[in-house]
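To be precise, the following lines are target_26.cif, and they hold mmCIF, C-alpha atoms.
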data_protein
#
loop_
_atom_site.label_atom_id
_atom_site.label_comp_id
_atom_site.auth_asym_id
_atom_site.auth_seq_id
_atom_site.Cartn_x
_atom_site.Cartn_y
_atom_site.Cartn_z
CA MET A 975 -20.04 -17.89 9.69
CA SER A 976 -18.80 -17.56 6.14
CA ARG A 977 -18.60 -14.19 4.50
CA THR A 978 -16.98 -12.84 1.38
CA THR A 979 -13.53 -11.47 1.93
CA ALA A 980 -13.80 -7.73 1.51
CA ILE A 981 -10.49 -7.23 -0.23
CA ALA A 982 -8.45 -10.02 -1.79
CA VAL A 983 -5.05 -9.15 -3.23
CA ARG A 984 -2.86 -11.73 -4.94
CA GLU A 985 0.75 -11.21 -6.02
CA LEU A 986 0.13 -7.60 -6.91
CA SER A 987 3.01 -5.73 -8.45
CA LYS A 988 3.38 -2.26 -9.89
CA THR A 989 6.49 -0.71 -11.28
CA TYR A 990 7.12 2.93 -12.05
CA LYS A 991 10.12 3.30 -14.39
CA ASP A 992 12.58 1.12 -12.51
CA VAL A 993 11.07 1.40 -9.04
CA ARG A 994 8.93 -1.45 -7.73
CA ALA A 995 6.20 0.50 -5.98
CA LEU A 996 4.43 -2.75 -5.10
CA ASP A 997 6.29 -6.02 -5.03
CA ASN A 998 4.31 -9.24 -4.99
CA VAL A 999 1.71 -8.12 -2.49
CA THR A 1000 -0.73 -10.72 -1.19
CA LEU A 1001 -3.37 -9.75 1.34
CA ASP A 1002 -6.82 -10.67 2.59
CA LEU A 1003 -8.95 -8.09 4.36
CA GLU A 1004 -12.04 -9.34 6.17
CA PRO A 1005 -15.13 -7.14 6.28
CA ASP A 1006 -16.15 -4.97 9.25
CA ARG A 1007 -12.74 -4.37 10.74
CA ILE A 1008 -10.50 -1.38 11.17
CA TYR A 1009 -7.23 -2.02 9.38
CA GLY A 1010 -4.06 0.02 9.71
CA LEU A 1011 -2.01 0.34 6.55
CA LEU A 1012 1.29 1.59 7.85
CA GLY A 1013 4.63 2.43 6.39
CA ARG A 1014 6.98 5.20 5.50
CA ASN A 1015 6.27 7.85 2.92
CA GLY A 1016 6.81 6.24 -0.45
CA ALA A 1017 6.48 2.70 0.88
CA GLY A 1018 3.59 1.92 -1.43
CA LYS A 1019 0.51 2.63 0.68
CA THR A 1020 -1.05 5.13 -1.71
CA THR A 1021 -0.20 3.03 -4.76
CA LEU A 1022 -1.93 0.05 -3.18
CA MET A 1023 -4.99 2.06 -2.24
CA SER A 1024 -5.30 3.68 -5.63
CA ILE A 1025 -5.31 0.24 -7.27
CA LEU A 1026 -7.86 -1.06 -4.76
CA THR A 1027 -10.11 1.90 -5.45
CA GLY A 1028 -9.90 1.44 -9.19
CA GLN A 1029 -7.95 4.62 -9.89
CA ASN A 1030 -4.95 2.77 -11.14
CA TYR A 1031 -4.19 -0.75 -12.26
CA ALA A 1032 -1.46 -3.23 -11.46
CA ASP A 1033 1.21 -4.57 -13.79
CA GLN A 1034 0.86 -8.05 -12.35
CA GLY A 1035 -1.43 -9.89 -10.00
CA THR A 1036 -5.05 -9.33 -9.01
CA ALA A 1037 -7.08 -7.25 -6.61
CA GLU A 1038 -10.73 -7.94 -5.87
CA ILE A 1039 -13.22 -5.99 -3.80
CA PHE A 1040 -16.15 -8.17 -2.70
CA GLY A 1041 -15.22 -10.58 -5.42
CA HIS A 1042 -14.84 -8.09 -8.29
CA ALA A 1043 -11.95 -6.21 -9.82
CA PRO A 1044 -12.70 -2.59 -8.99
CA PHE A 1045 -11.31 -0.94 -12.08
CA GLU A 1046 -14.20 0.67 -13.95
CA HIS A 1047 -16.73 -1.54 -12.16
CA ASP A 1048 -19.38 0.88 -10.94
CA PRO A 1049 -21.36 -1.42 -8.63
CA THR A 1050 -18.16 -2.05 -6.70
CA LEU A 1051 -16.86 1.51 -6.87
CA SER A 1052 -20.08 2.90 -5.39
CA ARG A 1053 -19.43 0.83 -2.26
CA ILE A 1054 -16.00 2.37 -1.76
CA CYS A 1055 -15.04 5.75 -0.38
CA PHE A 1056 -11.46 6.92 -0.80
CA ILE A 1057 -10.40 10.01 1.09
CA ARG A 1058 -6.94 11.31 0.40
CA GLU A 1059 -5.05 14.41 1.36
CA SER A 1060 -5.01 15.96 -2.07
CA GLN A 1061 -8.76 15.80 -2.45
CA LYS A 1062 -10.00 17.88 -5.37
CA TYR A 1063 -13.35 19.59 -5.41
CA PRO A 1064 -14.91 21.76 -8.12
CA ASP A 1065 -13.36 25.21 -7.79
CA ASP A 1066 -16.35 27.24 -6.72
CA PHE A 1067 -18.03 24.65 -4.56
CA LYS A 1068 -19.09 25.66 -1.12
CA VAL A 1069 -18.63 23.17 1.68
CA HIS A 1070 -22.28 22.21 1.93
CA GLN A 1071 -22.38 21.61 -1.81
CA ALA A 1072 -19.51 19.17 -1.51
CA PHE A 1073 -21.49 17.32 1.12
CA LYS A 1074 -24.62 17.33 -1.05
CA SER A 1075 -22.69 15.76 -3.94
CA ALA A 1076 -21.23 13.16 -1.62
CA ALA A 1077 -24.72 12.39 -0.31
CA LEU A 1078 -25.89 11.73 -3.87
CA PHE A 1079 -22.99 9.45 -4.61
CA PHE A 1080 -22.96 7.36 -1.43
CA GLU A 1081 -26.20 5.52 -0.81
CA ASN A 1082 -25.45 4.98 2.90
CA TRP A 1083 -24.82 8.70 3.50
CA ASN A 1084 -25.85 9.74 7.00
CA GLU A 1085 -26.79 13.42 7.09
CA GLU A 1086 -27.19 13.53 10.85
CA LEU A 1087 -23.67 12.27 11.35
CA ALA A 1088 -22.35 14.80 8.83
CA GLN A 1089 -24.04 17.63 10.73
CA GLU A 1090 -22.68 16.44 14.07
CA LEU A 1091 -19.19 16.33 12.62
CA VAL A 1092 -19.53 19.76 11.02
CA GLU A 1093 -20.27 21.10 14.49
CA ALA A 1094 -17.48 19.12 16.13
CA PHE A 1095 -14.95 20.45 13.63
CA GLU A 1096 -16.50 23.92 13.61
CA LEU A 1097 -16.62 23.92 9.85
CA PRO A 1098 -18.05 26.98 8.06
CA THR A 1099 -20.37 25.25 5.60
CA LYS A 1100 -21.21 28.32 3.55
CA ARG A 1101 -17.60 29.12 2.74
CA ARG A 1102 -16.07 28.24 -0.61
CA ILE A 1103 -13.73 25.29 -0.52
CA LYS A 1104 -10.84 27.18 -2.05
CA LYS A 1105 -11.01 29.65 0.83
CA LEU A 1106 -10.69 27.00 3.52
CA SER A 1107 -7.60 26.62 5.69
CA ARG A 1108 -5.63 23.41 5.42
CA GLY A 1109 -7.20 22.08 8.58
CA GLN A 1110 -10.71 22.89 7.39
CA LEU A 1111 -10.05 21.22 4.06
CA SER A 1112 -8.90 18.07 5.85
CA ALA A 1113 -12.04 18.22 7.97
CA VAL A 1114 -14.19 18.21 4.83
CA GLY A 1115 -12.43 15.06 3.71
CA VAL A 1116 -12.78 13.17 6.96
CA ILE A 1117 -16.42 14.18 7.32
CA ILE A 1118 -17.24 12.86 3.87
CA GLY A 1119 -15.26 9.73 4.65
CA MET A 1120 -17.20 9.03 7.80
CA ALA A 1121 -20.68 10.19 6.82
CA SER A 1122 -20.50 8.19 3.60
CA ARG A 1123 -20.71 5.02 5.71
CA ALA A 1124 -19.43 3.27 2.62
CA ASP A 1125 -18.93 -0.49 2.87
CA ILE A 1126 -15.22 0.10 2.51
CA THR A 1127 -13.67 3.41 3.45
CA PHE A 1128 -10.02 4.21 2.83
CA PHE A 1129 -8.48 7.12 4.68
CA ASP A 1130 -5.13 7.96 3.10
CA GLU A 1131 -3.61 10.24 5.71
CA PRO A 1132 -6.29 12.86 5.17
CA TYR A 1133 -5.83 14.05 8.71
CA LEU A 1134 -2.39 15.44 8.14
CA GLY A 1135 -3.88 18.91 7.92
CA LEU A 1136 -5.72 18.50 11.21
CA ASP A 1137 -4.18 19.69 14.44
CA ALA A 1138 -3.81 17.31 17.36
CA VAL A 1139 -7.15 18.27 18.91
CA ALA A 1140 -9.02 17.80 15.64
CA ARG A 1141 -7.29 14.49 15.04
CA GLN A 1142 -8.44 13.24 18.41
CA ILE A 1143 -11.99 14.28 17.53
CA PHE A 1144 -11.67 12.28 14.33
CA TYR A 1145 -10.39 9.16 16.09
CA ASP A 1146 -13.04 9.33 18.80
CA ARG A 1147 -15.89 9.81 16.33
CA LEU A 1148 -14.55 7.10 14.09
CA VAL A 1149 -14.52 4.53 16.87
CA GLU A 1150 -17.99 5.60 17.94
CA ASP A 1151 -19.46 5.42 14.47
CA PHE A 1152 -17.69 2.16 13.69
CA ALA A 1153 -19.25 0.64 16.82
CA GLU A 1154 -22.67 1.79 15.71
CA CYS A 1155 -22.26 0.98 12.04
CA PRO A 1156 -19.58 -1.68 11.52
CA ARG A 1157 -17.91 -1.58 8.13
CA THR A 1158 -14.49 -2.04 6.61
CA ILE A 1159 -12.15 0.85 7.30
CA VAL A 1160 -8.57 1.14 6.14
CA LEU A 1161 -6.54 3.85 7.85
CA SER A 1162 -3.17 4.68 6.44
CA SER A 1163 -0.92 6.73 8.62
CA HIS A 1164 2.61 7.34 9.63
CA LEU A 1165 1.34 8.72 12.97
CA ILE A 1166 1.21 5.16 14.18
CA ASP A 1167 0.99 5.60 17.93
CA GLU A 1168 -2.00 7.87 17.54
CA VAL A 1169 -4.06 5.28 15.72
CA ALA A 1170 -2.54 2.13 17.21
CA ASN A 1171 -5.32 1.44 19.71
CA LEU A 1172 -8.04 1.82 17.09
CA LEU A 1173 -6.66 -0.86 14.83
CA GLU A 1174 -7.82 -4.44 14.85
CA HIS A 1175 -5.31 -5.56 12.25
CA VAL A 1176 -1.98 -4.12 11.21
CA ILE A 1177 -0.42 -4.24 7.77
CA VAL A 1178 3.00 -2.72 7.27
CA ILE A 1179 4.48 -2.02 3.86
CA ASP A 1180 8.13 -1.30 3.31
CA LYS A 1181 9.55 -0.64 -0.15
CA GLY A 1182 6.50 -2.16 -1.81
CA ARG A 1183 6.56 -5.37 0.24
CA ILE A 1184 4.38 -6.49 3.11
CA VAL A 1185 6.55 -6.87 6.19
CA ILE A 1186 3.86 -7.20 8.84
CA ASP A 1187 0.35 -8.60 8.40
CA SER A 1188 -0.94 -9.34 11.85
CA ASP A 1189 -3.75 -9.03 14.34
CA ALA A 1190 -2.93 -5.92 16.39
CA GLU A 1191 -3.40 -7.67 19.71
CA GLN A 1192 -1.09 -10.47 18.68
CA LEU A 1193 1.59 -7.92 17.86
CA ARG A 1194 1.39 -6.21 21.20
CA GLY A 1195 3.90 -7.56 23.63
CA THR A 1196 5.83 -9.48 20.97
CA ALA A 1197 8.80 -7.19 21.35
CA VAL A 1198 10.59 -5.82 24.38
CA THR A 1199 13.52 -3.46 24.95
CA VAL A 1200 16.17 -4.69 27.37
CA THR A 1201 18.45 -2.06 28.87
CA GLY A 1202 21.43 -2.36 31.16
CA ASP A 1203 25.04 -3.43 31.32
CA ALA A 1204 25.98 -4.53 27.82
CA ALA A 1205 27.36 -7.93 28.82
CA LYS A 1206 24.35 -8.75 30.98
CA VAL A 1207 21.96 -7.65 28.25
CA GLN A 1208 23.69 -9.95 25.80
CA GLU A 1209 23.56 -12.82 28.27
CA PHE A 1210 19.85 -12.29 28.84
CA ILE A 1211 18.75 -11.97 25.23
CA GLY A 1212 20.75 -14.96 24.03
CA SER A 1213 19.78 -15.75 20.46
CA ALA A 1214 16.49 -13.86 20.37
CA PRO A 1215 16.01 -11.96 17.09
CA VAL A 1216 17.25 -8.40 17.45
CA ILE A 1217 15.37 -5.60 15.78
CA HIS A 1218 17.31 -2.69 17.17
CA ARG A 1219 20.42 -1.85 19.14
CA ASP A 1220 21.52 1.29 20.92
CA ALA A 1221 24.69 1.74 22.90
CA LEU A 1222 25.86 4.43 25.30
CA GLY A 1223 29.22 3.62 26.80
CA ALA A 1224 28.89 0.41 28.80
CA LEU A 1225 25.13 0.66 28.64
CA SER A 1226 23.23 -1.20 25.99
CA SER A 1227 19.62 -1.06 24.90
CA VAL A 1228 18.44 -3.86 22.67
CA THR A 1229 14.97 -4.38 21.23
CA ILE A 1230 14.24 -8.04 20.69
CA ARG A 1231 11.36 -9.96 19.20
CA ALA A 1232 10.27 -12.06 22.16
CA LYS A 1233 7.28 -12.62 24.41
CA LEU A 1234 8.60 -12.85 27.96
CA ASP A 1235 6.90 -14.85 30.68
CA GLU A 1236 6.85 -14.07 34.41
CA SER A 1237 9.99 -16.02 35.25
CA GLN A 1238 11.97 -14.37 32.46
CA ARG A 1239 10.89 -10.95 33.70
CA GLU A 1240 11.98 -11.95 37.18
CA GLN A 1241 15.33 -13.05 35.87
CA ALA A 1242 15.87 -9.73 34.10
CA LYS A 1243 15.08 -7.85 37.29
CA LEU A 1244 17.52 -10.00 39.27
CA MET A 1245 20.19 -9.30 36.67
CA GLY A 1246 19.61 -5.58 37.13
CA LEU A 1247 18.17 -5.16 33.66
CA ASP A 1248 15.34 -2.84 32.76
CA LEU A 1249 12.52 -4.05 30.55
CA SER A 1250 10.40 -1.59 28.68
CA PRO A 1251 7.48 -2.16 26.33
CA VAL A 1252 7.76 -1.44 22.64
CA SER A 1253 5.07 0.71 21.12
CA LEU A 1254 3.56 -0.23 17.78
CA GLN A 1255 5.29 2.76 16.25
CA GLN A 1256 8.69 1.66 17.52
CA LEU A 1257 8.02 -1.87 16.36
CA VAL A 1258 7.08 -0.73 12.88
CA VAL A 1259 9.91 1.77 12.58
CA ARG A 1260 12.52 -0.61 13.90
CA SER A 1261 11.27 -3.52 11.79
CA ALA A 1262 11.43 -1.37 8.69
CA LEU A 1263 14.94 -0.23 9.54
CA SER A 1264 16.24 -3.75 9.95
CA SER A 1265 16.46 -6.12 7.03
CA VAL A 1266 13.19 -7.03 5.39
CA THR A 1267 13.85 -10.63 4.43
CA GLU A 1268 13.31 -13.53 6.86
CA GLN A 1269 11.74 -11.43 9.59
CA GLY A 1270 9.08 -10.21 7.26
CA ILE A 1271 8.29 -13.70 6.13
CA ASP A 1272 8.27 -15.06 9.69
CA GLU A 1273 5.87 -12.36 10.79
CA ARG A 1274 3.45 -13.29 8.04
CA THR A 1275 3.78 -16.99 8.69
CA GLU A 1276 2.92 -16.36 12.34
CA ALA A 1277 -0.08 -14.29 11.36
CA ARG A 1278 -1.46 -17.02 9.12
CA LYS A 1279 -1.37 -19.67 11.86
CA MET B 109 -4.14 3.66 31.58
CA ILE B 110 -3.65 1.51 28.51
CA ASP B 111 -0.02 0.87 27.63
CA ASP B 112 2.07 -1.08 25.15
CA SER B 113 3.25 -3.83 27.44
CA LYS B 114 0.64 -6.42 26.56
CA PRO B 115 -2.51 -6.94 24.52
CA ILE B 116 -5.15 -4.32 25.21
CA PHE B 117 -7.91 -6.87 25.75
CA LEU B 118 -5.93 -8.31 28.66
CA GLN B 119 -5.53 -4.83 30.12
CA ILE B 120 -9.26 -4.21 29.83
CA ALA B 121 -9.97 -7.51 31.57
CA GLU B 122 -7.53 -6.56 34.34
CA LEU B 123 -9.08 -3.12 34.79
CA ILE B 124 -12.48 -4.70 35.27
CA GLU B 125 -11.04 -7.33 37.64
CA ASN B 126 -9.42 -4.56 39.69
CA ASP B 127 -12.74 -2.77 39.96
CA ILE B 128 -14.41 -5.98 41.09
CA ILE B 129 -11.75 -6.62 43.73
CA SER B 130 -11.81 -3.07 45.04
CA GLY B 131 -15.58 -3.11 45.22
CA VAL B 132 -16.17 -0.38 42.64
CA LEU B 133 -18.08 -3.07 40.76
CA GLY B 134 -20.01 -5.13 43.31
CA GLU B 135 -21.69 -8.49 42.86
CA GLU B 136 -24.44 -8.29 40.27
CA ALA B 137 -23.32 -4.77 39.30
CA GLN B 138 -23.70 -3.83 35.67
CA VAL B 139 -20.51 -3.40 33.69
CA PRO B 140 -20.24 -0.71 30.98
CA SER B 141 -20.96 -1.94 27.48
CA THR B 142 -18.35 -2.84 24.89
CA ASN B 143 -18.98 0.39 23.01
CA GLU B 144 -18.72 2.45 26.19
CA PHE B 145 -15.34 0.88 26.97
CA ALA B 146 -14.19 1.47 23.42
CA ALA B 147 -15.18 5.13 23.53
CA PHE B 148 -13.74 5.70 27.01
CA TYR B 149 -10.37 4.09 26.44
CA ARG B 150 -10.28 5.06 22.78
CA ILE B 151 -9.80 1.52 21.54
CA ASN B 152 -11.30 -0.68 18.90
CA PRO B 153 -14.70 -2.10 19.98
CA ALA B 154 -13.64 -5.61 18.97
CA THR B 155 -10.75 -5.36 21.42
CA ALA B 156 -13.04 -4.22 24.23
CA ALA B 157 -15.38 -7.11 23.41
CA LYS B 158 -12.50 -9.57 23.58
CA GLY B 159 -11.57 -8.38 27.05
CA ILE B 160 -15.12 -8.65 28.31
CA ASN B 161 -15.66 -12.05 26.72
CA ARG B 162 -12.60 -13.35 28.47
CA LEU B 163 -14.18 -12.52 31.80
CA VAL B 164 -17.42 -14.13 30.69
CA GLU B 165 -15.49 -17.28 29.81
CA ASP B 166 -13.84 -17.18 33.23
CA GLY B 167 -17.26 -17.00 34.82
CA LEU B 168 -16.67 -13.55 36.34
CA LEU B 169 -19.23 -11.76 34.20
CA TYR B 170 -22.49 -12.95 32.70
CA LYS B 171 -24.84 -11.57 30.11
CA LYS B 172 -28.45 -10.59 30.67
CA ARG B 173 -29.88 -10.71 27.19
CA GLY B 174 -31.06 -7.34 25.98
CA ILE B 175 -29.74 -5.56 29.08
CA GLY B 176 -25.99 -5.96 29.36
CA MET B 177 -23.10 -7.52 31.25
CA PHE B 178 -23.14 -8.12 34.99
CA VAL B 179 -20.68 -9.22 37.65
CA THR B 180 -21.34 -12.78 38.88
CA HIS B 181 -22.07 -13.10 42.59
CA ASP B 182 -18.92 -15.06 43.42
CA ALA B 183 -16.57 -12.98 41.24
CA PRO B 184 -15.19 -10.80 44.07
CA ARG B 185 -14.37 -13.78 46.25
CA ARG B 186 -12.77 -15.78 43.42
CA LEU B 187 -10.64 -12.87 42.24
CA ARG B 188 -9.41 -12.12 45.73
CA GLU B 189 -8.33 -15.73 46.10
CA GLN B 190 -6.50 -15.61 42.78
CA ARG B 191 -4.66 -12.43 43.78
CA ARG B 192 -3.71 -13.88 47.18
CA GLU B 193 -2.01 -16.77 45.45
CA LYS B 194 -0.05 -14.38 43.25
CA PHE B 195 0.76 -12.02 46.12
CA GLN B 196 3.79 -14.02 47.27
CA GLN B 197 5.38 -14.13 43.86
CA GLN B 198 4.41 -10.63 42.76
CA TYR B 199 5.17 -8.64 45.89
CA ILE B 200 6.99 -10.68 48.55
CA THR B 201 9.70 -12.19 46.38
CA PRO B 202 10.84 -8.89 44.79
CA LEU B 203 10.57 -7.19 48.18
CA THR B 204 12.88 -9.62 49.93
CA ALA B 205 15.27 -9.65 46.98
CA GLU B 206 15.57 -5.86 46.98
CA ALA B 207 15.92 -5.78 50.75
CA ALA B 208 18.73 -8.33 50.54
CA LYS B 209 20.45 -6.21 47.88
CA LEU B 210 20.35 -3.19 50.15
CA GLY B 211 21.48 -5.12 53.21
CA ILE B 212 18.20 -4.67 55.05
CA SER B 213 17.77 -7.41 57.64
CA LEU B 214 14.57 -9.32 58.15
CA GLU B 215 13.92 -7.55 61.48
CA GLU B 216 14.40 -4.15 59.87
CA LEU B 217 12.07 -5.17 57.09
CA VAL B 218 9.36 -6.25 59.51
CA THR B 219 9.71 -2.93 61.39
CA MET B 220 9.43 -1.02 58.13
CA ILE B 221 6.31 -2.91 57.18
CA LYS B 222 4.73 -2.26 60.56
CA THR B 223 5.56 1.44 60.33
CA GLY B 224 4.29 1.56 56.80
CA SER B 225 0.93 0.05 57.63
CA ASP B 226 0.43 2.32 60.65
CA SER B 227 0.67 5.58 58.68
#
Do you think you could lay out the structure here as structure tokens?
Amino acid sequence: MSRTTAIAVRELSKTYKDVRALDNVTLDLEPDRIYGLLGRNGAGKTTLMSILTGQNYADQGTAEIFGHAPFEHDPTLSRICFIRESQKYPDDFKVHQAFKSAALFFENWNEELAQELVEAFELPTKRRIKKLSRGQLSAVGVIIGMASRADITFFDEPYLGLDAVARQIFYDRLVEDFAECPRTIVLSSHLIDEVANLLEHVIVIDKGRIVIDSDAEQLRGTAVTVTGDAAKVQEFIGSAPVIHRDALGALSSVTIRAKLDESQREQAKLMGLDLSPVSLQQLVVRSALSSVTEQGIDERTEARK
Amino acid sequence: MIDDSKPIFLQIAELIENDIISGVLGEEAQVPSTNEFAAFYRINPATAAKGINRLVEDGLLYKKRGIGMFVTHDAPRRLREQRREKFQQQYITPLTAEAAKLGISLEELVTMIKTGSDS
């Protein structure tokens, strides 16, 4: 089945003064998937999203949404919803007015879903937006993001104001609504472990460069942490690529990029070594901490196979 | 229930297989839908679908169009056979290795097993 790539980015670069916010970024995002756009604060996530949503433009390279450059292209822009933490609404707007405006702008707006979410988040719809708490303000953003049912929805960490319970409500409802109404969703977050299981594809940016661009399931289990006597650990891991090392006296804990089979696991056990899984968050954090060069390229080469 | 050790779709497939083996899901029983799995385990629906499809490919589940997914009639038997083959490697080998490490003789081990299965 052939379908238009939802988002096609080629060699995109953006520099602010002397900082390369985006450095030669190339990406393809297929439609109807949940993507995770992960990375540290300042890694380039927001810059990338603002270019993809037509709020900014690149210095070099191209970005196309459904085959068109988004900048000032209304037919494309009306298919995109971008929810960010610093969402601005007209000063005196009440919550329900913000929803009404959103409903006018987004042709796929689902009022029933919006109402359900208002109840789930216990949002006071008659209150003025400027009187809302931080959590309530974030709830307005995520509700608009979901009820818009836009063809592409970007969530730029809008849930930072939400407490853990509210965040879980968001994740649960998002998965539910995505199942019912598949569309392209890009979630950016530094709370990686919270969203990890929702993601179908993972993109990690570090210092403006893509360091991971991989199917989430393919990433799982590609790293393991080996703990035990330092010498035995070293013997076991051999020349496997190391992403992280910790030492405590004679004890050593090394995270390696490797997919172990049954016999290797057996061997580790016999050697008295402990094997523990590496969460997506640890993988991302530790990959970003180690050098970006060959590993980043290898990861992407693997993903393209 | 779902952890980081391996792909989620494999874990979903294993959870369903476990239910089939234990009898929670009997022959011809209906399996929850992809979306129900996704909501329950809080995972991406595509991942849940991948896990279920794997079992369909293995002939353990089949689809009744318009209704849902069902356990095939020989799934319980086949899965039990598969697990029996793995039993030696998964349980017996580590057991005897650990016993050897602790200096537990074969006779002691047999006694322990008998006591264990009586309680």
Determine, for each residue of chain A having at least one atom at most 10 Å from an atom of chain B, the closest pair of atoms and their separation in Å to one decimal, counting all atoms listed in the file; order by chain and ascending number, as JSON lines.
{"residue": "A:Arg1007", "atom": "CA", "partner": "B:Ala154", "partner_atom": "CA", "distance": 8.4}
{"residue": "A:Ile1008", "atom": "CA", "partner": "B:Asn152", "partner_atom": "CA", "distance": 7.8}
{"residue": "A:Gln1142", "atom": "CA", "partner": "B:Arg150", "partner_atom": "CA", "distance": 9.5}
{"residue": "A:Tyr1145", "atom": "CA", "partner": "B:Arg150", "partner_atom": "CA", "distance": 7.8}
{"residue": "A:Asp1146", "atom": "CA", "partner": "B:Arg150", "partner_atom": "CA", "distance": 6.5}
{"residue": "A:Arg1147", "atom": "CA", "partner": "B:Ala147", "partner_atom": "CA", "distance": 8.6}
{"residue": "A:Leu1148", "atom": "CA", "partner": "B:Ala147", "partner_atom": "CA", "distance": 9.7}
{"residue": "A:Val1149", "atom": "CA", "partner": "B:Asn152", "partner_atom": "CA", "distance": 6.5}
{"residue": "A:Glu1150", "atom": "CA", "partner": "B:Ala147", "partner_atom": "CA", "distance": 6.3}
{"residue": "A:Asp1151", "atom": "CA", "partner": "B:Asn143", "partner_atom": "CA", "distance": 9.9}
{"residue": "A:Phe1152", "atom": "CA", "partner": "B:Pro153", "partner_atom": "CA", "distance": 8.2}
{"residue": "A:Ala1153", "atom": "CA", "partner": "B:Pro153", "partner_atom": "CA", "distance": 6.2}
{"residue": "A:Glu1154", "atom": "CA", "partner": "B:Asn143", "partner_atom": "CA", "distance": 8.3}
{"residue": "A:Pro1156", "atom": "CA", "partner": "B:Pro153", "partner_atom": "CA", "distance": 9.8}
{"residue": "A:Asp1167", "atom": "CA", "partner": "B:Asp112", "partner_atom": "CA", "distance": 9.9}
{"residue": "A:Val1169", "atom": "CA", "partner": "B:Ile151", "partner_atom": "CA", "distance": 9.0}
{"residue": "A:Ala1170", "atom": "CA", "partner": "B:Ile151", "partner_atom": "CA", "distance": 8.5}
{"residue": "A:Asn1171", "atom": "CA", "partner": "B:Ile151", "partner_atom": "CA", "distance": 4.8}
{"residue": "A:Leu1172", "atom": "CA", "partner": "B:Asn152", "partner_atom": "CA", "distance": 4.5}
{"residue": "A:Leu1173", "atom": "CA", "partner": "B:Asn152", "partner_atom": "CA", "distance": 6.2}
{"residue": "A:Glu1174", "atom": "CA", "partner": "B:Asn152", "partner_atom": "CA", "distance": 6.5}
{"residue": "A:Ala1190", "atom": "CA", "partner": "B:Pro115", "partner_atom": "CA", "distance": 8.2}
{"residue": "A:Glu1191", "atom": "CA", "partner": "B:Pro115", "partner_atom": "CA", "distance": 4.9}
{"residue": "A:Gln1192", "atom": "CA", "partner": "B:Pro115", "partner_atom": "CA", "distance": 7.0}
{"residue": "A:Leu1193", "atom": "CA", "partner": "B:Pro115", "partner_atom": "CA", "distance": 7.9}
{"residue": "A:Arg1194", "atom": "CA", "partner": "B:Pro115", "partner_atom": "CA", "distance": 5.2}
{"residue": "A:Gly1195", "atom": "CA", "partner": "B:Lys114", "partner_atom": "CA", "distance": 4.5}
{"residue": "A:Thr1196", "atom": "CA", "partner": "B:Lys114", "partner_atom": "CA", "distance": 8.2}
{"residue": "A:Ala1197", "atom": "CA", "partner": "B:Ser113", "partner_atom": "CA", "distance": 8.9}
{"residue": "A:Val1198", "atom": "CA", "partner": "B:Ser113", "partner_atom": "CA", "distance": 8.2}
{"residue": "A:Lys1233", "atom": "CA", "partner": "B:Lys114", "partner_atom": "CA", "distance": 9.3}
{"residue": "A:Glu1236", "atom": "CA", "partner": "B:Gln198", "partner_atom": "CA", "distance": 9.4}
{"residue": "A:Ser1237", "atom": "CA", "partner": "B:Gln197", "partner_atom": "CA", "distance": 9.9}
{"residue": "A:Glu1240", "atom": "CA", "partner": "B:Pro202", "partner_atom": "CA", "distance": 8.3}
{"residue": "A:Lys1243", "atom": "CA", "partner": "B:Pro202", "partner_atom": "CA", "distance": 8.7}
{"residue": "A:Leu1244", "atom": "CA", "partner": "B:Ala205", "partner_atom": "CA", "distance": 8.0}
{"residue": "A:Leu1249", "atom": "CA", "partner": "B:Ser113", "partner_atom": "CA", "distance": 9.8}
{"residue": "A:Ser1250", "atom": "CA", "partner": "B:Ser113", "partner_atom": "CA", "distance": 7.6}
{"residue": "A:Pro1251", "atom": "CA", "partner": "B:Ser113", "partner_atom": "CA", "distance": 4.7}
{"residue": "A:Val1252", "atom": "CA", "partner": "B:Asp112", "partner_atom": "CA", "distance": 6.2}
{"residue": "A:Ser1253", "atom": "CA", "partner": "B:Asp112", "partner_atom": "CA", "distance": 5.3}
{"residue": "A:Leu1254", "atom": "CA", "partner": "B:Asp112", "partner_atom": "CA", "distance": 7.6}
Name the residues in contact with region 1091-1096 of chain A at a cut-off of 12 Å, using only C-alpha atoms, excluding same-chain residues fewer than 5 positions from it; report them as an MDAnalysis selection string. chainID A and resid 1069:1070 1073 1084:1086 1109:1121 1136:1137 1139:1148 1151
Identify, on the basis of all atoms listed in the file, every residue whose closest approach to Ile221 (chain B) does not exceed 12 Å; exclude the query and any residue fewer than 5 positions from it along the same chain; express the result as a ChimeraX atom specification. /B:200,203-204,207,214-216,226-227
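A straight line drawn from CA of Thr180 (chain B) to CA of Ala157 (chain B) is 17.5 Å long.
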The residue from A:Ala1205, A:Val1176, A:Leu1106, A:Ile1184 with the smallest atom-to-atom distance to Leu996 (chain A), counting only C-alpha atoms, is A:Ile1184
How would you write, as a list in words, the residues chosen by the PyMOL selection byres ((chain A and resi 1186) around 6) on this structure? Ile1177, Val1178, Ile1184, Val1185, Asp1187 and Glu1273 of chain A
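CA of Leu1257 (chain A) to CA of Lys1181 (chain A) spans 16.6 Å [interatomic distance, one decimal].
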Going by the chain IDs and residue numbers used in this file, which residues fall under the PyMOL selection byres ((chain A and resi 1166) around 9)? Write them as a ChimeraX atom specification. /A:1010,1012-1013,1162-1165,1167-1170,1254-1256,1258
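Between CA of Asn126 (chain B) and CA of Met220 (chain B) there is a distance of 26.6 Å.
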When you count only C-alpha atoms, which of these residues is closest to Ser1226 (chain A): A:Ala980, A:Val1259, A:Ala1204, A:Met1245? A:Ala1204
